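Note sheet for the following structure.
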Amino acid sequence: MRVLVVTAVAAESESVAAGLTAGLRAGHPAPAGPTVLAGGVGPAAAAAATASALALATAGGTPYDLVVSAGIGGGFPAHAPVGSLVVADAIVAADLGAETPEGFLPVEELGFGRTSHLPPAALAARAAALTGARCAPVLTVSTVTGTAARAAALSGRHPRAAAEAMEGFGVAEAAAAHGVAVLEIRAISNAVGPRDRAAWRIGAALAALRTGFEQLSPLFEESS
């Protein structure tokens, strides 16, 4: 199975690649020729980079079978503590819509567009089982949450959400346009809520991401 893993930045890509390499050395099956790409920060950059990579692969006669959006992100404390992993069972554009006096309206309620993609349920469940991750919705936002009020609003609209990040929905949109399955995997570096850089644990989250992809190596062979 041909797999494309899309992260935002190089540090995330390096952790993913190290995990896949470690899985191979440990004797686990590994995907043939995995591609790990740092596509940029935010849903637009992620969508553009993913679409370009998918189009080039298809044109070259080696299309991808699965796209994985991966990296670190914020965790909703009730569901995903710092250092844990989350595998998305829904990839949700949490701020794609309109603010109204009555509250936020997603684009579906405005009469157009969509705000969610559903990864293959069996694949997401298997990924969660291999890594010990929580399987729950992951929110995509264009502005990272930095207040208790915003965190409460997001939790109110999406009570099962375990994490937020900035790229998953963009990757999923590009994958859907090319008819390719998608997963999203997040390692939690901080709590969603008031911005407190001193409490962030980016190193620990990158280490968890590396370990997660080491444990995930069998998944890609099983799914081929």
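Each chain in the structure tokens gets a letter, A, B and so on, in the order shown; residues start at 1 in every chain, and ligands are counted from 1 in the order they appear.
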
For the structure I just gave you, how does DSSP split region 3-224 of chain A - specifically, which residues are alpha helix (DSSP H)? Reply as a JSON list (two decimals) with N, CA and C atoms, in the first residue's frame.
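What ended up in out_29.json:
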[["chain", "number", "residue", "atom", "x", "y", "z"],
["A", 10, "ALA", "N", 8.87, 20.35, 9.80],
["A", 10, "ALA", "CA", 9.92, 19.33, 9.67],
["A", 10, "ALA", "C", 10.09, 18.50, 10.93],
["A", 11, "ALA", "N", 9.98, 19.11, 12.10],
["A", 11, "ALA", "CA", 10.17, 18.35, 13.34],
["A", 11, "ALA", "C", 9.17, 17.20, 13.44],
["A", 12, "GLU", "N", 7.95, 17.43, 13.00],
["A", 12, "GLU", "CA", 6.94, 16.37, 13.01],
["A", 12, "GLU", "C", 7.28, 15.30, 11.98],
["A", 13, "SER", "N", 7.68, 15.71, 10.78],
["A", 13, "SER", "CA", 8.05, 14.74, 9.75],
["A", 13, "SER", "C", 9.21, 13.87, 10.19],
["A", 14, "GLU", "N", 10.18, 14.49, 10.86],
["A", 14, "GLU", "CA", 11.34, 13.74, 11.33],
["A", 14, "GLU", "C", 10.93, 12.70, 12.38],
["A", 15, "SER", "N", 10.00, 13.05, 13.25],
["A", 15, "SER", "CA", 9.53, 12.10, 14.26],
["A", 15, "SER", "C", 8.78, 10.95, 13.61],
["A", 16, "VAL", "N", 7.93, 11.26, 12.64],
["A", 16, "VAL", "CA", 7.20, 10.21, 11.93],
["A", 16, "VAL", "C", 8.17, 9.27, 11.21],
["A", 17, "ALA", "N", 9.12, 9.83, 10.48],
["A", 17, "ALA", "CA", 10.08, 9.01, 9.73],
["A", 17, "ALA", "C", 10.91, 8.15, 10.67],
["A", 18, "ALA", "N", 11.31, 8.71, 11.80],
["A", 18, "ALA", "CA", 12.09, 7.94, 12.77],
["A", 18, "ALA", "C", 11.28, 6.78, 13.33],
["A", 19, "GLY", "N", 10.00, 7.01, 13.58],
["A", 19, "GLY", "CA", 9.15, 5.94, 14.07],
["A", 19, "GLY", "C", 8.98, 4.82, 13.06],
["A", 20, "LEU", "N", 8.75, 5.17, 11.80],
["A", 20, "LEU", "CA", 8.61, 4.15, 10.76],
["A", 20, "LEU", "C", 9.89, 3.36, 10.61],
["A", 21, "THR", "N", 11.04, 4.03, 10.66],
["A", 21, "THR", "CA", 12.33, 3.34, 10.56],
["A", 21, "THR", "C", 12.54, 2.41, 11.74],
["A", 22, "ALA", "N", 12.20, 2.86, 12.94],
["A", 22, "ALA", "CA", 12.35, 2.02, 14.12],
["A", 22, "ALA", "C", 11.44, 0.80, 14.04],
["A", 23, "GLY", "N", 10.25, 0.96, 13.51],
["A", 23, "GLY", "CA", 9.36, -0.17, 13.34],
["A", 23, "GLY", "C", 9.93, -1.21, 12.41],
["A", 24, "LEU", "N", 10.58, -0.77, 11.35],
["A", 24, "LEU", "CA", 11.22, -1.68, 10.41],
["A", 24, "LEU", "C", 12.36, -2.43, 11.08],
["A", 25, "ARG", "N", 13.19, -1.71, 11.84],
["A", 25, "ARG", "CA", 14.32, -2.34, 12.53],
["A", 25, "ARG", "C", 13.87, -3.35, 13.57],
["A", 43, "PRO", "N", -4.83, 24.81, 7.33],
["A", 43, "PRO", "CA", -5.56, 23.95, 6.41],
["A", 43, "PRO", "C", -5.32, 24.26, 4.94],
["A", 44, "ALA", "N", -5.09, 25.52, 4.58],
["A", 44, "ALA", "CA", -4.87, 25.85, 3.17],
["A", 44, "ALA", "C", -3.55, 25.28, 2.68],
["A", 45, "ALA", "N", -2.47, 25.51, 3.45],
["A", 45, "ALA", "CA", -1.17, 24.97, 3.06],
["A", 45, "ALA", "C", -1.20, 23.45, 3.01],
["A", 46, "ALA", "N", -1.86, 22.84, 4.00],
["A", 46, "ALA", "CA", -1.93, 21.39, 4.04],
["A", 46, "ALA", "C", -2.69, 20.83, 2.84],
["A", 47, "ALA", "N", -3.79, 21.47, 2.48],
["A", 47, "ALA", "CA", -4.58, 21.01, 1.33],
["A", 47, "ALA", "C", -3.78, 21.15, 0.04],
["A", 48, "ALA", "N", -3.11, 22.28, -0.14],
["A", 48, "ALA", "CA", -2.34, 22.50, -1.36],
["A", 48, "ALA", "C", -1.21, 21.49, -1.50],
["A", 49, "ALA", "N", -0.47, 21.27, -0.41],
["A", 49, "ALA", "CA", 0.66, 20.34, -0.47],
["A", 49, "ALA", "C", 0.18, 18.91, -0.71],
["A", 50, "THR", "N", -0.91, 18.53, -0.04],
["A", 50, "THR", "CA", -1.43, 17.17, -0.21],
["A", 50, "THR", "C", -1.96, 16.97, -1.62],
["A", 51, "ALA", "N", -2.72, 17.92, -2.13],
["A", 51, "ALA", "CA", -3.27, 17.80, -3.49],
["A", 51, "ALA", "C", -2.16, 17.70, -4.52],
["A", 52, "SER", "N", -1.12, 18.50, -4.35],
["A", 52, "SER", "CA", -0.01, 18.45, -5.29],
["A", 52, "SER", "C", 0.68, 17.10, -5.26],
["A", 53, "ALA", "N", 0.95, 16.58, -4.07],
["A", 53, "ALA", "CA", 1.62, 15.28, -3.95],
["A", 53, "ALA", "C", 0.76, 14.16, -4.54],
["A", 54, "LEU", "N", -0.55, 14.20, -4.28],
["A", 54, "LEU", "CA", -1.43, 13.17, -4.82],
["A", 54, "LEU", "C", -1.50, 13.24, -6.34],
["A", 55, "ALA", "N", -1.58, 14.45, -6.88],
["A", 55, "ALA", "CA", -1.67, 14.60, -8.34],
["A", 55, "ALA", "C", -0.39, 14.13, -9.02],
["A", 56, "LEU", "N", 0.75, 14.50, -8.46],
["A", 56, "LEU", "CA", 2.03, 14.09, -9.05],
["A", 56, "LEU", "C", 2.19, 12.57, -9.01],
["A", 57, "ALA", "N", 1.78, 11.95, -7.90],
["A", 57, "ALA", "CA", 1.90, 10.50, -7.80],
["A", 57, "ALA", "C", 1.00, 9.81, -8.81],
["A", 58, "THR", "N", -0.22, 10.30, -8.97],
["A", 58, "THR", "CA", -1.14, 9.71, -9.94],
["A", 58, "THR", "C", -0.62, 9.87, -11.35],
["A", 59, "ALA", "N", -0.11, 11.05, -11.67],
["A", 59, "ALA", "CA", 0.43, 11.30, -13.01],
["A", 59, "ALA", "C", 1.63, 10.40, -13.29],
["A", 107, "VAL", "N", -21.04, 25.55, 7.92],
["A", 107, "VAL", "CA", -21.44, 25.84, 6.54],
["A", 107, "VAL", "C", -22.62, 25.00, 6.08],
["A", 108, "GLU", "N", -22.78, 23.77, 6.59],
["A", 108, "GLU", "CA", -23.93, 22.97, 6.19],
["A", 108, "GLU", "C", -25.25, 23.68, 6.51],
["A", 109, "GLU", "N", -25.28, 24.36, 7.66],
["A", 109, "GLU", "CA", -26.51, 25.04, 8.05],
["A", 109, "GLU", "C", -26.71, 26.34, 7.28],
["A", 110, "LEU", "N", -25.67, 26.78, 6.58],
["A", 110, "LEU", "CA", -25.80, 27.94, 5.70],
["A", 110, "LEU", "C", -26.25, 27.51, 4.30],
["A", 121, "ALA", "N", -13.75, 3.52, 9.40],
["A", 121, "ALA", "CA", -13.91, 3.22, 10.82],
["A", 121, "ALA", "C", -12.99, 2.08, 11.27],
["A", 122, "ALA", "N", -12.90, 1.02, 10.49],
["A", 122, "ALA", "CA", -12.07, -0.12, 10.88],
["A", 122, "ALA", "C", -10.59, 0.26, 10.92],
["A", 123, "LEU", "N", -10.17, 1.09, 9.98],
["A", 123, "LEU", "CA", -8.77, 1.51, 9.93],
["A", 123, "LEU", "C", -8.43, 2.41, 11.11],
["A", 124, "ALA", "N", -9.32, 3.33, 11.45],
["A", 124, "ALA", "CA", -9.10, 4.21, 12.60],
["A", 124, "ALA", "C", -9.08, 3.41, 13.89],
["A", 125, "ALA", "N", -9.99, 2.45, 14.02],
["A", 125, "ALA", "CA", -10.03, 1.63, 15.23],
["A", 125, "ALA", "C", -8.78, 0.79, 15.37],
["A", 126, "ARG", "N", -8.28, 0.25, 14.28],
["A", 126, "ARG", "CA", -7.06, -0.56, 14.32],
["A", 126, "ARG", "C", -5.86, 0.31, 14.69],
["A", 127, "ALA", "N", -5.79, 1.53, 14.13],
["A", 127, "ALA", "CA", -4.70, 2.43, 14.47],
["A", 127, "ALA", "C", -4.73, 2.77, 15.96],
["A", 128, "ALA", "N", -5.92, 3.02, 16.49],
["A", 128, "ALA", "CA", -6.04, 3.33, 17.91],
["A", 128, "ALA", "C", -5.64, 2.14, 18.77],
["A", 129, "ALA", "N", -6.02, 0.95, 18.36],
["A", 129, "ALA", "CA", -5.68, -0.24, 19.13],
["A", 129, "ALA", "C", -4.18, -0.50, 19.16],
["A", 130, "LEU", "N", -3.53, -0.29, 18.03],
["A", 130, "LEU", "CA", -2.08, -0.53, 17.95],
["A", 130, "LEU", "C", -1.30, 0.44, 18.83],
["A", 131, "THR", "N", -1.78, 1.65, 18.95],
["A", 131, "THR", "CA", -1.03, 2.71, 19.63],
["A", 131, "THR", "C", -1.53, 3.02, 21.04],
["A", 148, "ALA", "N", -10.26, 30.18, 27.79],
["A", 148, "ALA", "CA", -11.20, 29.22, 28.35],
["A", 148, "ALA", "C", -12.56, 29.31, 27.67],
["A", 149, "ALA", "N", -12.95, 30.52, 27.30],
["A", 149, "ALA", "CA", -14.26, 30.71, 26.65],
["A", 149, "ALA", "C", -14.31, 29.99, 25.31],
["A", 150, "ARG", "N", -13.24, 30.14, 24.52],
["A", 150, "ARG", "CA", -13.22, 29.47, 23.21],
["A", 150, "ARG", "C", -13.19, 27.96, 23.41],
["A", 151, "ALA", "N", -12.42, 27.47, 24.36],
["A", 151, "ALA", "CA", -12.36, 26.04, 24.60],
["A", 151, "ALA", "C", -13.74, 25.50, 25.00],
["A", 152, "ALA", "N", -14.44, 26.25, 25.83],
["A", 152, "ALA", "CA", -15.77, 25.82, 26.26],
["A", 152, "ALA", "C", -16.75, 25.82, 25.09],
["A", 153, "ALA", "N", -16.63, 26.82, 24.22],
["A", 153, "ALA", "CA", -17.52, 26.89, 23.06],
["A", 153, "ALA", "C", -17.29, 25.71, 22.13],
["A", 154, "LEU", "N", -16.03, 25.37, 21.88],
["A", 154, "LEU", "CA", -15.73, 24.23, 21.02],
["A", 154, "LEU", "C", -16.22, 22.94, 21.64],
["A", 155, "SER", "N", -15.98, 22.77, 22.93],
["A", 155, "SER", "CA", -16.44, 21.56, 23.61],
["A", 155, "SER", "C", -17.96, 21.47, 23.61],
["A", 156, "GLY", "N", -18.63, 22.62, 23.72],
["A", 156, "GLY", "CA", -20.08, 22.61, 23.68],
["A", 156, "GLY", "C", -20.63, 22.16, 22.34],
["A", 157, "ARG", "N", -19.96, 22.58, 21.26],
["A", 157, "ARG", "CA", -20.41, 22.18, 19.92],
["A", 157, "ARG", "C", -19.95, 20.78, 19.55],
["A", 168, "GLY", "N", -5.71, 18.92, 9.62],
["A", 168, "GLY", "CA", -6.40, 17.70, 9.25],
["A", 168, "GLY", "C", -7.47, 17.86, 8.20],
["A", 169, "PHE", "N", -8.31, 18.88, 8.35],
["A", 169, "PHE", "CA", -9.41, 19.03, 7.39],
["A", 169, "PHE", "C", -8.88, 19.37, 6.00],
["A", 170, "GLY", "N", -7.82, 20.16, 5.91],
["A", 170, "GLY", "CA", -7.23, 20.47, 4.61],
["A", 170, "GLY", "C", -6.70, 19.22, 3.93],
["A", 171, "VAL", "N", -6.00, 18.38, 4.70],
["A", 171, "VAL", "CA", -5.50, 17.12, 4.15],
["A", 171, "VAL", "C", -6.67, 16.24, 3.70],
["A", 172, "ALA", "N", -7.71, 16.17, 4.52],
["A", 172, "ALA", "CA", -8.86, 15.33, 4.20],
["A", 172, "ALA", "C", -9.60, 15.82, 2.95],
["A", 173, "GLU", "N", -9.71, 17.14, 2.79],
["A", 173, "GLU", "CA", -10.36, 17.68, 1.59],
["A", 173, "GLU", "C", -9.60, 17.27, 0.33],
["A", 174, "ALA", "N", -8.27, 17.37, 0.38],
["A", 174, "ALA", "CA", -7.47, 16.98, -0.79],
["A", 174, "ALA", "C", -7.59, 15.48, -1.05],
["A", 175, "ALA", "N", -7.55, 14.68, 0.01],
["A", 175, "ALA", "CA", -7.68, 13.24, -0.16],
["A", 175, "ALA", "C", -9.04, 12.89, -0.77],
["A", 176, "ALA", "N", -10.10, 13.53, -0.28],
["A", 176, "ALA", "CA", -11.43, 13.24, -0.81],
["A", 176, "ALA", "C", -11.54, 13.60, -2.29],
["A", 177, "ALA", "N", -10.92, 14.70, -2.67],
["A", 177, "ALA", "CA", -10.96, 15.12, -4.08],
["A", 177, "ALA", "C", -10.29, 14.09, -4.98],
["A", 202, "ILE", "N", 6.27, 20.05, 23.96],
["A", 202, "ILE", "CA", 6.44, 19.71, 22.55],
["A", 202, "ILE", "C", 7.38, 18.52, 22.37],
["A", 203, "GLY", "N", 8.48, 18.49, 23.14],
["A", 203, "GLY", "CA", 9.40, 17.37, 23.03],
["A", 203, "GLY", "C", 8.73, 16.04, 23.36],
["A", 204, "ALA", "N", 7.95, 16.04, 24.42],
["A", 204, "ALA", "CA", 7.25, 14.81, 24.81],
["A", 204, "ALA", "C", 6.23, 14.39, 23.74],
["A", 205, "ALA", "N", 5.56, 15.38, 23.15],
["A", 205, "ALA", "CA", 4.58, 15.06, 22.11],
["A", 205, "ALA", "C", 5.26, 14.50, 20.87],
["A", 206, "LEU", "N", 6.40, 15.06, 20.48],
["A", 206, "LEU", "CA", 7.12, 14.54, 19.32],
["A", 206, "LEU", "C", 7.62, 13.13, 19.59],
["A", 207, "ALA", "N", 8.04, 12.87, 20.83],
["A", 207, "ALA", "CA", 8.45, 11.51, 21.18],
["A", 207, "ALA", "C", 7.28, 10.54, 21.11],
["A", 208, "ALA", "N", 6.11, 10.98, 21.56],
["A", 208, "ALA", "CA", 4.91, 10.14, 21.47],
["A", 208, "ALA", "C", 4.53, 9.88, 20.02],
["A", 209, "LEU", "N", 4.69, 10.90, 19.17],
["A", 209, "LEU", "CA", 4.40, 10.74, 17.75],
["A", 209, "LEU", "C", 5.33, 9.70, 17.12],
["A", 210, "ARG", "N", 6.61, 9.79, 17.47],
["A", 210, "ARG", "CA", 7.59, 8.81, 16.97],
["A", 210, "ARG", "C", 7.19, 7.40, 17.40],
["A", 211, "THR", "N", 6.90, 7.22, 18.68],
["A", 211, "THR", "CA", 6.52, 5.90, 19.17],
["A", 211, "THR", "C", 5.25, 5.40, 18.51],
["A", 212, "GLY", "N", 4.29, 6.31, 18.33],
["A", 212, "GLY", "CA", 3.05, 5.93, 17.68],
["A", 212, "GLY", "C", 3.27, 5.38, 16.28],
["A", 213, "PHE", "N", 4.13, 6.03, 15.50],
["A", 213, "PHE", "CA", 4.36, 5.55, 14.14],
["A", 213, "PHE", "C", 5.20, 4.28, 14.10],
["A", 214, "GLU", "N", 6.03, 4.07, 15.12],
["A", 214, "GLU", "CA", 6.70, 2.78, 15.23],
["A", 214, "GLU", "C", 5.66, 1.68, 15.44],
["A", 215, "GLN", "N", 4.70, 1.94, 16.31],
["A", 215, "GLN", "CA", 3.66, 0.95, 16.57],
["A", 215, "GLN", "C", 2.69, 0.78, 15.42],
["A", 216, "LEU", "N", 2.57, 1.80, 14.59],
["A", 216, "LEU", "CA", 1.63, 1.77, 13.46],
["A", 216, "LEU", "C", 2.17, 1.04, 12.24],
["A", 217, "SER", "N", 3.46, 0.77, 12.20],
["A", 217, "SER", "CA", 4.03, 0.16, 11.00],
["A", 217, "SER", "C", 3.26, -1.08, 10.52],
["A", 218, "PRO", "N", 2.81, -1.96, 11.42],
["A", 218, "PRO", "CA", 2.06, -3.13, 10.91],
["A", 218, "PRO", "C", 0.76, -2.76, 10.22],
["A", 219, "LEU", "N", 0.18, -1.64, 10.57],
["A", 219, "LEU", "CA", -1.13, -1.29, 10.00],
["A", 219, "LEU", "C", -1.07, -1.17, 8.49],
["A", 220, "PHE", "N", -0.01, -0.57, 8.01],
["A", 220, "PHE", "CA", 0.07, -0.31, 6.57],
["A", 220, "PHE", "C", 0.23, -1.60, 5.78],
["A", 221, "GLU", "N", 0.91, -2.57, 6.34],
["A", 221, "GLU", "CA", 1.02, -3.88, 5.69],
["A", 221, "GLU", "C", -0.30, -4.62, 5.75],
["A", 222, "GLU", "N", -0.96, -4.58, 6.91],
["A", 222, "GLU", "CA", -2.25, -5.26, 7.06],
["A", 222, "GLU", "C", -3.28, -4.74, 6.09]]

Applying 8 Å and only C-alpha atoms, which residues near Ser142 (chain A) remain after dropping the ones on its own chain fewer than 6 positions away? List them as a compact mmCIF listing (two decimals) with N, CA and C atoms, in the first residue's frame.
# COMPACT_ATOMS: atom_id res chain seq x y z
N GLY A 42 -1.47 25.11 8.77
CA GLY A 42 -2.82 25.59 8.45
C GLY A 42 -3.50 24.76 7.39
N PRO A 43 -4.83 24.81 7.33
CA PRO A 43 -5.56 23.95 6.41
C PRO A 43 -5.32 24.26 4.94
N ASP A 95 -14.21 25.77 12.74
CA ASP A 95 -14.51 27.19 12.61
C ASP A 95 -14.87 27.59 11.19
N MET A 166 -4.36 22.13 13.17
CA MET A 166 -4.61 23.12 12.13
C MET A 166 -4.60 22.58 10.70

Checklist outcome for this item: Across A:Ala161, A:Ala93, A:Ile72, A:Leu183, the smallest distance to Pro119 (chain A), with only C-alpha atoms counted, is shown by A:Leu183

Item to check | For Phe76 (chain A): contacts at 7 Å, only C-alpha atoms, fewer than 2 positions along chain excluded, given as a VMD selection string | outcome: chain A and resid 74 78 to 80 162 to 163 191 to 192

For the selection just defined, write its residues with C-alpha atoms to a file, as a PDB file, in the first residue's frame.
ATOM      1  CA  GLY A  74      -3.845  20.487  21.642  1.00  0.00           C
ATOM      2  CA  ALA A  78     -11.278  15.573  29.718  1.00  0.00           C
ATOM      3  CA  HIS A  79     -10.406  13.278  26.819  1.00  0.00           C
ATOM      4  CA  ALA A  80      -6.703  13.556  25.907  1.00  0.00           C
ATOM      5  CA  ALA A 162     -10.374  15.018  21.967  1.00  0.00           C
ATOM      6  CA  ALA A 163      -7.935  17.269  20.116  1.00  0.00           C
ATOM      7  CA  ALA A 191      -4.207  21.474  26.821  1.00  0.00           C
ATOM      8  CA  VAL A 192      -6.813  23.299  24.739  1.00  0.00           C
TER       9      VAL A 192
END

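Checking A:Ala165, A:Ala8, A:Leu105, A:Val41 one by one against Ile91 (chain A), counting only C-alpha atoms, you find the shortest gap at A:Ala165.
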
Next on the checklist: Considering only strand (DSSP E) as DSSP defines it on the backbone, what residues of region 34-204 of chain A qualify? List them as a PyMOL selection string.
Outcome noted: chain A and resi 35-38+66-75+85-93+97-100+103-106+116-117+134-140+163-165+181-191

Next on the checklist: What does the structure give for the distance between CA of Ala136 (chain A) and CA of Gly73 (chain A), in Å to one decimal?
Outcome noted: 13.8 Å

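Going from CA of Thr140 (chain A) over to CA of Thr62 (chain A), you cover 29.0 Å.
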
Next on the checklist: One decimal, in Å: what's the spacing between CA of Gly132 (chain A) and CA of Ala187 (chain A)?
Outcome noted: 11.7 Å

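Using only C-alpha atoms, the nearest neighbour of Ala94 (chain A) within the list A:Pro106, A:Glu184, A:Val6, A:Ser69 is A:Pro106.
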